[in-house]
Amino acid sequence: MIITCRTPLRVSFFGGGTDYPEYFKRAGRRGAVIGMAIDKYIYISALRLSGIQPYRYRLSYSRLETVTQASDIQHNVVRVGLSVYGCNEDLDISIMSDMPASTGLGSSSAFTVGFVNLLSALQNRPRTKLDLAKEAIHIERDLLQERVGVQDQLHAAFGGINRFDFDANGFSIRPVAMSSDCLEALCSSLLLIYTGQTRHASATLDEQIQKTTENKVDRELSDLLALVDQGMDLLQGNDPETMLRDFGAMMHEGWKIKLSLSSKISSSDINTLYDVARRHGALGGKLCGAGGGGFLLMVVPPAYQKSVIEAVSPARVVPVGLDTLGSTIIMR
């Protein structure tokens, strides 16, 4: 029987950069982010094999792997995950995604969360959403030594629109309580614009993390952190029109601050695409994830979306909505 796990990707609104332990674990520091799990997903399916095949593991993703030893698997998360959880079954594993990898939507962490969830189902060992996030963080940061933050795993596990706070003692989770009118105004105004460039987050982040550890961007990160508190109050307001206008302005302010964290965050082509979208009705936005390519997230009221889409053509534009479930087993 096939078991399938569906895990959402995410967009981050405010506070990105403060979710790195290199920042918030320093004495007297804290981090916080607000973001949203979106209705674009990574699907991971596993089929138990009969043992007759001339291999024990078959993996299908951007490449095809067939191996007899788990240690020979090239996909890092799958190889380490099978080892950590002691999964010795012969498996055919298929990986599919609504969106391309390495585009700033948290796909690497979403995959790790989803794979832990899938292994939990295979072994009949249920894990809470908090467990899924913590274990994914452990795999990525501790075992694989990836230079990633710790918000993406939480968005993928929990779903919804949330505020996550971080300090040296751990983290806390607070759902953003929005009215139906404000939620509809927000979700109907979010567009992803594909820059046509992909990048690996760890490579893009080297300069930013170096500056963080050397205390060179403390002021900028403090400014980004302040937007989290302001954003929380704004999103939980009652006037959809005011909320959306001010939300777009705050996103634009956060984008200007983020550009100062690293010279690798943007490029002249990306800046041009962003400016074109703003001139045609976008209220603000940002480059998703670590930067360097991937998707721009733009806040565009429905009345201006046709104009923006035409102006940025031939760049692909994808509307996004809210996922409320987080990582879920949808077939077993």
# chains A, B, ... in the order shown; residues from 1 in each chain; ligands from 1

call {"tool": "select_by_dssp", "arguments": {"residues": "stretch 10-191 of chain A", "states": "strand (DSSP E or B)", "output": "ChimeraX atom specification"}}
result
/A:10-14,31-48,57-60,64-67,91-97,161-167,170-175,190-191

call {"tool": "residues_around", "arguments": {"residues": "stretch 84-98 of chain A", "least_positions_apart": "2", "cutoff": "8 Å", "atoms": "only C-alpha atoms", "output": "ChimeraX atom specification"}}
result
/A:40-51,56-61,80-82,100,119,123

call {"tool": "closest_residue", "arguments": {"among": "A:Ala121, A:Asp167, A:Ala70, A:Val217", "to": "A:Arg29", "atoms": "only C-alpha atoms"}}
result
A:Asp167

call {"tool": "residues_around", "arguments": {"residues": "A:Val78", "least_positions_apart": "5", "cutoff": "9 Å", "atoms": "only C-alpha atoms", "output": "number ranges by chain"}}
result
A: 70, 73, 83, 112, 115

call {"tool": "closest_atom_pairs", "arguments": {"of": "stretch 169-273 of chain A", "to": "stretch 296-311 of chain A", "cutoff": "8 Å", "atoms": "only C-alpha atoms", "output": "Markdown table"}}
result
| residue | atom | partner | partner_atom | distance |
| --- | --- | --- | --- | --- |
| A:Ala185 | CA | A:Pro301 | CA | 8.0 |
| A:Ser188 | CA | A:Pro302 | CA | 6.7 |
| A:Ser189 | CA | A:Val300 | CA | 4.8 |
| A:Leu190 | CA | A:Val299 | CA | 5.0 |
| A:Leu191 | CA | A:Met298 | CA | 5.3 |
| A:Leu192 | CA | A:Leu297 | CA | 4.7 |
| A:Ile193 | CA | A:Leu296 | CA | 5.0 |
| A:Tyr194 | CA | A:Leu296 | CA | 6.4 |
| A:Thr195 | CA | A:Leu296 | CA | 7.0 |
| A:Gly248 | CA | A:Val299 | CA | 5.8 |

call {"tool": "closest_atom_pairs", "arguments": {"of": "stretch 50-136 of chain A", "to": "stretch 7-28 of chain A", "cutoff": "12 Å", "atoms": "only C-alpha atoms", "output": "tab-separated table"}}
result
residue	atom	partner	partner_atom	distance
A:Ile95	CA	A:Thr7	CA	11.3
A:Met96	CA	A:Thr7	CA	10.8
A:Ser97	CA	A:Leu9	CA	9.5
A:Asp98	CA	A:Leu9	CA	9.2
A:Met99	CA	A:Leu9	CA	8.8
A:Pro100	CA	A:Leu9	CA	10.9
A:Ala101	CA	A:Leu9	CA	10.4
A:Ser102	CA	A:Leu9	CA	11.6
A:Thr103	CA	A:Leu9	CA	10.6
A:Gly104	CA	A:Val11	CA	8.1
A:Leu105	CA	A:Arg10	CA	5.3
A:Gly106	CA	A:Leu9	CA	5.8
A:Ser107	CA	A:Leu9	CA	5.9
A:Ser108	CA	A:Leu9	CA	9.2
A:Ser109	CA	A:Leu9	CA	8.7
A:Ala110	CA	A:Thr7	CA	6.0
A:Phe111	CA	A:Thr7	CA	7.3
A:Thr112	CA	A:Thr7	CA	9.5
A:Val113	CA	A:Thr7	CA	7.5
A:Gly114	CA	A:Thr7	CA	5.6
A:Phe115	CA	A:Thr7	CA	9.2
A:Val116	CA	A:Thr7	CA	10.8
A:Asn117	CA	A:Thr7	CA	9.2
A:Leu118	CA	A:Thr7	CA	10.3
A:Lys129	CA	A:Thr7	CA	11.6
A:Leu132	CA	A:Thr7	CA	11.2
A:Ala133	CA	A:Thr7	CA	11.8

call {"tool": "write_last_selection", "arguments": {"atoms": "N, CA and C atoms", "output": "compact mmCIF listing (two decimals), in the first residue's frame"}}
result
# COMPACT_ATOMS: atom_id res chain seq x y z
N ILE A 95 8.96 11.65 -5.15
CA ILE A 95 8.92 13.02 -4.64
C ILE A 95 8.41 13.94 -5.75
N MET A 96 7.36 14.69 -5.45
CA MET A 96 6.78 15.62 -6.41
C MET A 96 6.53 16.95 -5.71
N SER A 97 6.53 18.03 -6.48
CA SER A 97 6.30 19.34 -5.90
C SER A 97 5.53 20.23 -6.87
N ASP A 98 4.64 21.06 -6.30
CA ASP A 98 3.92 22.03 -7.11
C ASP A 98 4.84 23.10 -7.68
N MET A 99 5.94 23.38 -6.99
CA MET A 99 6.84 24.49 -7.35
C MET A 99 8.27 23.99 -7.46
N PRO A 100 9.11 24.68 -8.25
CA PRO A 100 10.50 24.25 -8.36
C PRO A 100 11.27 24.43 -7.06
N ALA A 101 12.28 23.60 -6.87
CA ALA A 101 13.12 23.69 -5.68
C ALA A 101 14.06 24.89 -5.79
N SER A 102 14.63 25.27 -4.65
CA SER A 102 15.63 26.35 -4.57
C SER A 102 15.09 27.67 -5.10
N THR A 103 13.84 27.99 -4.71
CA THR A 103 13.22 29.23 -5.17
C THR A 103 12.73 30.10 -4.01
N GLY A 104 13.18 29.80 -2.77
CA GLY A 104 12.88 30.66 -1.64
C GLY A 104 11.58 30.38 -0.92
N LEU A 105 10.96 29.25 -1.20
CA LEU A 105 9.66 28.92 -0.59
C LEU A 105 9.79 27.89 0.53
N GLY A 106 11.01 27.65 0.98
CA GLY A 106 11.21 26.71 2.08
C GLY A 106 11.07 25.26 1.70
N SER A 107 11.34 24.93 0.44
CA SER A 107 11.10 23.57 -0.03
C SER A 107 12.01 22.55 0.64
N SER A 108 13.25 22.91 0.93
CA SER A 108 14.17 21.95 1.55
C SER A 108 13.67 21.54 2.93
N SER A 109 13.27 22.52 3.73
CA SER A 109 12.76 22.20 5.07
C SER A 109 11.41 21.52 5.00
N ALA A 110 10.56 21.94 4.05
CA ALA A 110 9.27 21.28 3.89
C ALA A 110 9.47 19.81 3.54
N PHE A 111 10.46 19.53 2.70
CA PHE A 111 10.73 18.14 2.37
C PHE A 111 11.17 17.36 3.61
N THR A 112 12.06 17.96 4.40
CA THR A 112 12.55 17.26 5.59
C THR A 112 11.42 16.97 6.56
N VAL A 113 10.56 17.96 6.80
CA VAL A 113 9.39 17.76 7.67
C VAL A 113 8.52 16.65 7.10
N GLY A 114 8.25 16.70 5.80
CA GLY A 114 7.39 15.69 5.18
C GLY A 114 7.99 14.31 5.23
N PHE A 115 9.31 14.20 5.07
CA PHE A 115 9.93 12.88 5.09
C PHE A 115 9.91 12.29 6.50
N VAL A 116 10.14 13.12 7.51
CA VAL A 116 10.01 12.63 8.89
C VAL A 116 8.58 12.16 9.14
N ASN A 117 7.60 12.90 8.65
CA ASN A 117 6.20 12.52 8.82
C ASN A 117 5.90 11.21 8.10
N LEU A 118 6.45 11.05 6.91
CA LEU A 118 6.25 9.82 6.14
C LEU A 118 6.86 8.62 6.87
N LYS A 129 3.10 17.86 15.66
CA LYS A 129 3.63 18.84 14.73
C LYS A 129 4.91 19.48 15.29
N LEU A 132 7.71 17.07 14.65
CA LEU A 132 8.13 17.09 13.25
C LEU A 132 9.07 18.24 12.98
N ALA A 133 8.72 19.44 13.47
CA ALA A 133 9.56 20.62 13.24
C ALA A 133 10.91 20.47 13.93

call {"tool": "residues_around", "arguments": {"residues": "A:Ser266", "least_positions_apart": "6", "cutoff": "12 Å", "atoms": "only C-alpha atoms", "output": "ChimeraX atom specification"}}
result
/A:195,197,199,204,255-256,258-260,272-274,286-296

call {"tool": "write_last_selection", "arguments": {"atoms": "C-alpha atoms", "output": "PDB file, in the first residue's frame"}}
result
ATOM      1  CA  THR A 195      12.549  35.616 -11.325  1.00  0.00           C
ATOM      2  CA  GLN A 197      16.712  32.100 -11.215  1.00  0.00           C
ATOM      3  CA  ARG A 199      19.807  29.252  -5.836  1.00  0.00           C
ATOM      4  CA  THR A 204      23.495  32.646  -0.576  1.00  0.00           C
ATOM      5  CA  TRP A 255      12.660  44.549   1.696  1.00  0.00           C
ATOM      6  CA  LYS A 256      14.786  47.712   1.795  1.00  0.00           C
ATOM      7  CA  LYS A 258      16.892  43.058   3.901  1.00  0.00           C
ATOM      8  CA  LEU A 259      18.903  44.329   0.932  1.00  0.00           C
ATOM      9  CA  SER A 260      21.527  45.634   3.368  1.00  0.00           C
ATOM     10  CA  THR A 272      13.948  45.906 -12.037  1.00  0.00           C
ATOM     11  CA  LEU A 273      11.219  43.256 -11.837  1.00  0.00           C
ATOM     12  CA  TYR A 274      10.278  44.453  -8.351  1.00  0.00           C
ATOM     13  CA  LYS A 286      10.103  41.035  -1.054  1.00  0.00           C
ATOM     14  CA  LEU A 287      12.240  38.293  -2.465  1.00  0.00           C
ATOM     15  CA  CYS A 288      11.315  35.009  -0.810  1.00  0.00           C
ATOM     16  CA  GLY A 289      13.758  33.096   1.335  1.00  0.00           C
ATOM     17  CA  ALA A 290      17.453  33.844   1.511  1.00  0.00           C
ATOM     18  CA  GLY A 291      17.455  35.771  -1.743  1.00  0.00           C
ATOM     19  CA  GLY A 292      19.618  35.479  -4.823  1.00  0.00           C
ATOM     20  CA  GLY A 293      16.732  34.325  -7.037  1.00  0.00           C
ATOM     21  CA  GLY A 294      13.531  32.359  -6.803  1.00  0.00           C
ATOM     22  CA  PHE A 295      10.199  34.094  -6.287  1.00  0.00           C
ATOM     23  CA  LEU A 296       9.221  37.643  -5.490  1.00  0.00           C
TER      24      LEU A 296
END

call {"tool": "closest_residue", "arguments": {"among": "A:Asn162, A:Gln236, A:Ser262, A:Gln69", "to": "A:Glu207", "atoms": "only C-alpha atoms"}}
result
A:Ser262
